[in-house]
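**Q** Before I ask anything, here is the structure I am working with.
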Amino acid sequence: MRVSAGLPTGMEGLTYPIPFSDPENVIRIAQGAEKFGYDSVWGNDHMTTQNYVRAEFPVPPRFWEPLVTYAFVLSETKTIKVGTGILVLPMRHDIVVAAKQICTLDHFGKGRLELGIGIGAYREEFKALQPDAKIDRGDIVDEGLQALNLLFRERVCSFDGQYYKFKDVELFPKPFQKKLPIYVSGNHANNIERAVKWADGWLPAGMHVDRIRSGVKNLREQADKAGRDWREIEVCPQFIVHIGKTREAAVESFRKSQMNKHLVSLSKSTLKGQGSVPHEEINLIGTPAEVVEKALAFKAAGVTHLLGLYFAANSVQELLDQMQLFAEEVMPKVK
C-alpha cells in the first residue's frame with residue numbers, strides 16, 4: 001500500500017491557520033515528505049475564498065495554483081512524486097491549455113506527476129467564477145476526462161462536447177509517462193463509474209471503512225462488466241491524521257485544530273454521507289497502534305494507496321513532526 005502526504009497548496013483558512021503556506025513552507029513540507037519516505041505529495045485547487053473562511057479570518061488566505069507550484073516543488077526535490085488532489089475541471093475552462101500544462105509538467109518532472117480530477121467540494125466557488133451558469137459540474141468532469149484521454153493518446157484529435165470543444169488539435173509532446181495516472185475524486189457512486197470508464201483510480205475522502213469496502217465491491221463489479229481488470233484500478237482515499245500518546249490526547253488535539261473546522265464545513269457537501277459517525281472514528285486519529293490498526297483495516301477493505309494524508313496541525317513544525325511520527329511508527333507496518 002502506497003502512502004502519500006497532503007501539501008498545503010490551497011489550505012490556509014480551510015485546514016490550517018492564516019498564515020501557514022508561505023512558499024518556503026510548501027517546499028519545506030514537500031522536502032520533508034521526500035526525506036521521510038512518502039510516495040508523493042498532493043495539493044488541492046481553489047480559486048476564491050469560501051464564505052465560512054471569510055467570516056472567520058480578517059485577512060484572505062493564499063491559494064497557490066497547484067500546477068505552477070509543482071514546477072517549483074519538482075525542481076527542489078529529487079524522487080518524490082506530485083499529485084493534484086484535486087484539479088477542479090469545472091474551474092478549468094480550456095481543457096487543451098490544461099492538458100498542455102500537465103504534459104509540460106510531466107516532462108520537466110521526468111514522470112513524477114499524477115492527476116486527481118473532480119468537481120470540487122465547494123459549489124460556491126464555481127458559482128463565483130461562473131455566476132450565470134446553469135450546468136451540472138459532473139457533466140463537465142465527464143467531458144473533461146474523455147477529452148484529456150484523447151489529447152494524451154491521439155496524435156491529432158477533435159472533441160465536440162457541450163462544454164469542451166476543439167478541432168484538429170495536435171497536442172505534443174504527449175505525457176512523459178507511457179500512462180499518466182488519472183484518479184477520479186468523489187464519494188458518490190457515480191465517481192466509481194467514471195473511474196472505471198475513463199481513469200486509473202478512485203479517490204474518495206473521509207469515508208468509513210465499511211463504505212470503502214462497499215465502494216470497492218461496486219468498483220470490482222463494474223470493472224468486470226466493462227471488461228477491465230479491477231486490479232489495475234487504484235483505490236486511494238484521503239484521510240486526516242493526528243497521532244498522540246493516548247487516544248484522548250490525539251482526539252483533543254485534533255478537535256482544537258483548524259482541520260476539524262474544515263471537516264465540519266464539508267458536512268453538507270463532500271462528507272454528507274457519513275451520517276453521525278465522528279470524524280475521529282473515520283480518520284487516522286489515535287495512538288500509533290490504533291492508527292496502524294485502522295490503516296490495515298482500510299488495506300483489507302481494498303485500499304491500495306493512502307493518498308494525500310492531511311496531518312491536523314496548527315503550525316508547520318507540528319505538521320512535520322506528525323509526518324515524521326507517522327513515517328516512523330505507522331508506515332513500515334502498513335506498506
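Labels for the C-alpha cells follow display order: chains A, B, ..., residues from 1 in each chain, ligands from 1.
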Excluding Pro19 in chain A and its own-chain neighbours fewer than 6 positions away, which residues fall within 9 Å of it when counting only C-alpha atoms? Please give them as a list in words.
**A**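 Residues meeting the cut-off are Glu12, Gly13, Pro61 and Arg62 of chain A.
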**Q** Please identify every residue of range 156-265 of chain A that has at least one atom no farther than 12 Å from an atom of range 46-53 of chain A, counting only C-alpha atoms, and for each give the shortest atom pair and the distance in Å to one decimal, arranged by chain then increasing number, as a Markdown table.
**A**
| residue | atom | partner | partner_atom | distance |
| --- | --- | --- | --- | --- |
| A:Gln258 | CA | A:Val53 | CA | 10.6 |
| A:Lys261 | CA | A:Tyr52 | CA | 9.8 |
| A:His262 | CA | A:Val53 | CA | 9.2 |
| A:Val264 | CA | A:Tyr52 | CA | 10.7 |
| A:Ser265 | CA | A:Tyr52 | CA | 7.7 |
**Q** Please list as a list of chain:residue names every residue within 12 Å of Leu150 in chain A, counting only C-alpha atoms and excluding residues in the same chain fewer than 2 positions away.
**A**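 After dropping sequence-adjacent residues, the list is A:Ile95, A:Val96, A:Ala99, A:Glu143, A:Gly144, A:Leu145, A:Gln146, A:Ala147, A:Leu148, A:Phe152, A:Arg153, A:Glu154, A:Arg155, A:Val156, A:Cys157, A:Ser158, A:Phe159, A:Asp160, A:Phe166, A:Lys167, A:Asp168, A:Val169, A:Glu170, A:Leu171, A:Lys174, A:Trp198.
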**Q** Excluding range 63-74 of chain A and any residue of its chain fewer than 3 positions from it, enumerate the residues within 10 Å of it, using only C-alpha atoms, and give them as number ranges by chain.
**A** A: 7-13, 21-23, 26-31, 41-49, 60, 77-87, 98, 101-102, 104-106, 108-110, 112-113
**Q** Would you put the residues from that selection into a file with C-alpha atoms, as a short mmCIF file (atom, residue, chain, number, x, y, z; two decimals), in the first residue's frame?
**A**
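The result, written out as result_17.cif:
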data_model
loop_
_atom_site.label_atom_id
_atom_site.label_comp_id
_atom_site.auth_asym_id
_atom_site.auth_seq_id
_atom_site.Cartn_x
_atom_site.Cartn_y
_atom_site.Cartn_z
CA LEU A 7 0.63 19.55 0.56
CA PRO A 8 -0.99 22.88 1.56
CA THR A 9 -1.32 24.48 -1.87
CA GLY A 10 -4.79 25.81 -1.06
CA MET A 11 -5.30 25.02 2.61
CA GLU A 12 -4.86 28.26 4.53
CA GLY A 13 -8.04 29.10 6.38
CA SER A 21 1.50 28.26 3.43
CA ASP A 22 4.47 30.52 2.74
CA PRO A 23 6.17 29.32 -0.48
CA VAL A 26 5.30 24.46 0.93
CA ILE A 27 8.74 23.47 -0.39
CA ARG A 28 9.89 22.52 3.12
CA ILE A 29 6.91 20.20 3.61
CA ALA A 30 7.49 18.52 0.22
CA GLN A 31 11.16 18.03 1.04
CA VAL A 41 2.61 14.90 -2.09
CA TRP A 42 -0.90 16.01 -3.06
CA GLY A 43 -2.18 19.58 -3.16
CA ASN A 44 -5.65 20.92 -3.83
CA ASP A 45 -7.09 23.52 -6.19
CA HIS A 46 -9.00 26.65 -5.10
CA MET A 47 -9.59 29.91 -6.95
CA THR A 48 -11.50 32.05 -4.46
CA THR A 49 -12.13 32.16 -0.71
CA PRO A 60 -7.71 36.29 2.97
CA THR A 77 13.14 17.60 -4.84
CA LYS A 78 14.69 14.53 -6.44
CA THR A 79 12.42 11.49 -6.18
CA ILE A 80 9.05 12.29 -4.67
CA LYS A 81 6.04 12.48 -6.99
CA VAL A 82 3.41 15.22 -7.01
CA GLY A 83 -0.34 14.83 -7.44
CA THR A 84 -3.39 17.05 -7.79
CA GLY A 85 -5.80 16.26 -5.02
CA ILE A 86 -7.77 17.51 -6.89
CA LEU A 87 -7.66 19.52 -10.10
CA ALA A 98 -4.83 22.35 -19.05
CA GLN A 101 0.29 22.38 -18.75
CA ILE A 102 0.01 18.79 -17.49
CA THR A 104 4.80 20.07 -19.77
CA LEU A 105 4.97 19.43 -16.04
CA ASP A 106 5.22 15.67 -16.57
CA PHE A 108 10.10 18.62 -16.72
CA GLY A 109 9.49 16.37 -13.69
CA LYS A 110 10.60 13.23 -15.59
CA ARG A 112 6.75 12.41 -11.32
CA LEU A 113 3.18 13.64 -11.84
#
**Q** Smallest atom-to-atom distance to Leu307 in chain A: which of A:Glu76, A:Glu114, A:Glu221, A:Asp132, using only C-alpha atoms?
**A**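 Distance minimum relative to Leu307 in chain A lands on A:Glu114.
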**Q** To one decimal place, how far is CA of Pro288 in chain A from CA of Lys245 in chain A in Å?
**A**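 Going from CA of Pro288 in chain A over to CA of Lys245 in chain A, I get 7.8 Å.
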**Q** Could you check which of A:Gly227, A:Gly206, A:Gly302, A:Gly161 is closest to His279 in chain A, using only C-alpha atoms?
**A**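 Looking at the shortest contact to His279 in chain A, the residue is A:Gly206.
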**Q** Could you check the closest approach to Ile18 in chain A for each of A:Arg211, A:Lys299, A:Lys179, A:Arg54 and tell me which residue wins, using only C-alpha atoms?
**A**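 Distance minimum relative to Ile18 in chain A lands on A:Arg54.
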**Q** Name the residues of range 219-291 of chain A that come out as alpha helix (DSSP H) in a backbone DSSP run; write them as an MDAnalysis selection string.
**A** chainID A and resid 219:226 247:255 258:265 279:282 288:291
